[in-house]
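Structure first, then comments.
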Amino acid sequence: MTKIAWITGAGSGIGAAMARGFAEAGYRVALTARGRESLEAVAATLPDPEAALILPGDVTDRAGMAKAAETIVAWSGGLHVLCNNAGLNIPKRSWADLDWESWDRVIDVNITGALNVIAACLPIMRAQKDGVMIHTSSWAGRFHSPVSGVVYGASKHALSDLSLSLNDEEGKNGIRSTALCPAEVATPLLAKRPGFDAAKMAAMIQPEDMAKTALFVAEMQPGICLPEIVLSPVRTS
């Protein structure tokens, strides 16, 4: 049976690379991001664009995410892998630059949005007695990172703990969860870091590296759980 992967934040960066990686491995993929045009552009790069389901939506829309999961099952008959990848960061990252509006948005997307997508998948995966959830956390979700910022780091620590809670509570239902904790990944999000030197992008983790890691997790035999994977570029200076 062809397996199904749902990828959020699929319009660019890590999510787009995951879409390509899973599609090339033979999965049918459901793609979610806020913009339809970006999803259509990603789908056009897949081996079989017709094997992709485009589901525009905002992960902060709880009812919308529940409906998206139902649509995936109606389209495919199941849902085997979640790449819970949607996330954001902001320019004002320090306590000295506290900005409630943008900080609240980080919490809404990185924590509440992640919760919404997890909750949408759980009934389906429980019924199947099978499912892998892969969450794009961060090095900042494992270690304090001043350059990543206060609220981003807090949100990613929360996401990593959510992942651990799934293994603790849902393993009996055949569900396994992994938090991917990369340091610098060459994505549009990283390029927005205040003061970042874009010339350094080639030396960073590439989105394709993250896709390969996610696929490795998804293909792990059912009796093994990988709670966390930490990645970083090789430090050469």
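How things are named: the first chain in the structure tokens is A, the next is B, and so on; residues count from 1 in each chain; ligands count from 1 in the order shown.
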
If you run DSSP over the backbone, which residues in segment 15-98 of chain A end up strand (DSSP E)? Put them as number ranges by chain.
A: 28-32, 52-54, 81-84

Quick one: everything within 10 Å of Glu184 of chain A, counting only C-alpha atoms, minus sequence neighbours fewer than 6 positions away in the same chain. Send it as JSON, numbers by chain.
{"A": [138, 139, 140, 148, 190, 200, 201, 203, 204, 205, 206, 231, 232, 233]}

Only N, CA and C atoms, please: the residues just picked out, written as a PDB file, in the first residue's frame.
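The file below, again_12.pdb, is the result:
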ATOM      1  N   SER A 138      14.295  22.562  16.662  1.00  0.00           N
ATOM      2  CA  SER A 138      15.456  23.405  16.385  1.00  0.00           C
ATOM      3  C   SER A 138      16.561  23.104  17.391  1.00  0.00           C
ATOM      4  N   TRP A 139      17.782  23.437  17.017  1.00  0.00           N
ATOM      5  CA  TRP A 139      18.874  23.476  17.984  1.00  0.00           C
ATOM      6  C   TRP A 139      18.436  24.327  19.180  1.00  0.00           C
ATOM      7  N   ALA A 140      17.690  25.392  18.876  1.00  0.00           N
ATOM      8  CA  ALA A 140      17.183  26.279  19.929  1.00  0.00           C
ATOM      9  C   ALA A 140      16.101  25.618  20.762  1.00  0.00           C
ATOM     10  N   SER A 148      18.733  32.909  18.014  1.00  0.00           N
ATOM     11  CA  SER A 148      17.394  32.457  17.607  1.00  0.00           C
ATOM     12  C   SER A 148      16.298  33.237  18.298  1.00  0.00           C
ATOM     13  N   LEU A 190      16.071  31.444   7.846  1.00  0.00           N
ATOM     14  CA  LEU A 190      17.397  31.773   8.364  1.00  0.00           C
ATOM     15  C   LEU A 190      17.899  33.083   7.771  1.00  0.00           C
ATOM     16  N   LYS A 200      27.147  32.699   3.948  1.00  0.00           N
ATOM     17  CA  LYS A 200      27.417  31.507   4.753  1.00  0.00           C
ATOM     18  C   LYS A 200      26.414  30.376   4.498  1.00  0.00           C
ATOM     19  N   MET A 201      25.416  30.624   3.662  1.00  0.00           N
ATOM     20  CA  MET A 201      24.336  29.648   3.475  1.00  0.00           C
ATOM     21  C   MET A 201      24.846  28.291   2.988  1.00  0.00           C
ATOM     22  N   ALA A 203      27.427  26.691   3.685  1.00  0.00           N
ATOM     23  CA  ALA A 203      28.059  25.890   4.731  1.00  0.00           C
ATOM     24  C   ALA A 203      27.062  25.372   5.759  1.00  0.00           C
ATOM     25  N   MET A 204      25.800  25.754   5.629  1.00  0.00           N
ATOM     26  CA  MET A 204      24.778  25.353   6.587  1.00  0.00           C
ATOM     27  C   MET A 204      24.181  23.991   6.217  1.00  0.00           C
ATOM     28  N   ILE A 205      23.379  23.446   7.130  1.00  0.00           N
ATOM     29  CA  ILE A 205      22.545  22.301   6.787  1.00  0.00           C
ATOM     30  C   ILE A 205      21.619  22.723   5.653  1.00  0.00           C
ATOM     31  N   GLN A 206      21.435  21.855   4.671  1.00  0.00           N
ATOM     32  CA  GLN A 206      20.561  22.166   3.550  1.00  0.00           C
ATOM     33  C   GLN A 206      19.170  21.560   3.773  1.00  0.00           C
ATOM     34  N   LEU A 231      21.098  17.943  14.784  1.00  0.00           N
ATOM     35  CA  LEU A 231      22.001  18.099  13.644  1.00  0.00           C
ATOM     36  C   LEU A 231      22.646  19.465  13.715  1.00  0.00           C
ATOM     37  N   SER A 232      23.898  19.544  13.246  1.00  0.00           N
ATOM     38  CA  SER A 232      24.545  20.852  13.120  1.00  0.00           C
ATOM     39  C   SER A 232      25.532  20.808  11.980  1.00  0.00           C
ATOM     40  N   PRO A 233      25.844  21.946  11.392  1.00  0.00           N
ATOM     41  CA  PRO A 233      26.935  21.991  10.424  1.00  0.00           C
ATOM     42  C   PRO A 233      28.259  21.688  11.127  1.00  0.00           C
TER      43      PRO A 233
END

Surrounding residues of Leu164 of chain A excluding itself and chain neighbours under 3 positions, 8 Å, only C-alpha atoms, as an MDAnalysis selection string:
chainID A and resid 160:161 167:168 177:178 227

Residues of segment 35-82 of chain A in helix (DSSP H, G or I), written as a list in words
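After running DSSP on the backbone, segment 35-82 of chain A has helix (DSSP H, G or I) at Arg36, Glu37, Ser38, Leu39, Glu40, Ala41, Val42, Ala43, Pro49, Glu50, Ala51, Arg62, Ala63, Gly64, Met65, Ala66, Lys67, Ala68, Ala69, Glu70, Thr71, Ile72, Val73, Ala74, Trp75 and Ser76 of chain A.
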
Hey, which of A:Leu162, A:Leu226, A:Leu180, A:Ala63 ends up closest to Ala211 of chain A? Count only C-alpha atoms.
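Once distances to Ala211 of chain A are computed over only C-alpha atoms, the minimum belongs to A:Leu180.
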
Would you kindly return, as a list in words, each protein, DNA or RNA residue with an atom no farther than 12 Å from any atom of Glu170 of chain A, considering only C-alpha atoms and excluding same-chain residues fewer than 2 positions away?
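The contact residues come out as Ile118, Ala119, Cys121, Leu122, Pro123, Met125, Arg126, Ala127, Lys129, Asp130, Gly131, Val132, Met133, Leu162, Ser163, Leu164, Ser165, Leu166, Asn167, Asp168, Lys172, Asn173, Gly174, Ile175, Arg176, Ser177 and Cys225 of chain A.
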
Selection: 10 Å around Leu159 of chain A, only C-alpha atoms, excl. self and same-chain fewer than 6 positions, as a VMD selection string:
chain A and resid 84 110 to 112 114 to 115 135 to 138 141 153 165 179

Could you please determine the separation between atom CA of Leu39 of chain A and atom CA of Gly11 of chain A in Å, to one decimal place?
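These two atoms are separated by 4.9 Å.
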
When you count only C-alpha atoms, which of these residues is closest to Gly21 of chain A: A:Val234, A:Cys181, A:Ile229, A:Val42?
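When distances to Gly21 of chain A are compared using only C-alpha atoms, the smallest one comes from A:Val42.
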
Taking only C-alpha atoms into account, which of A:Arg142, A:Arg36, A:His80, A:Arg28 comes nearest Glu228 of chain A?
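When distances to Glu228 of chain A are compared using only C-alpha atoms, the smallest one comes from A:Arg142.
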
Figure out the distance between atom CA of Tyr152 of chain A and atom CA of Asp58 of chain A, please, to one decimal in Å.
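Going from atom CA of Asp58 of chain A over to atom CA of Tyr152 of chain A covers 18.5 Å.
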
Could you check how far atom CA of Ile107 of chain A sits from atom CA of Ile4 of chain A, in Å to one decimal?
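These two atoms are separated by 28.2 Å.
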
Fewer than 2 positions away in the same chain doesn't count, so skip those; otherwise give me all residues within 10 Å of Leu31 of chain A, counting only C-alpha atoms, as a list of chain:residue names.
A:Ala5, A:Trp6, A:Ile7, A:Thr8, A:Gly9, A:Ala10, A:Gly11, A:Gly15, A:Ala16, A:Met18, A:Ala19, A:Arg28, A:Val29, A:Ala33, A:Arg36, A:Leu39, A:Glu40, A:Val42, A:Ala43, A:Ala52, A:Leu53, A:Ile54, A:Leu55, A:Pro56, A:Gly57, A:Ala68, A:Ile72, A:Cys83
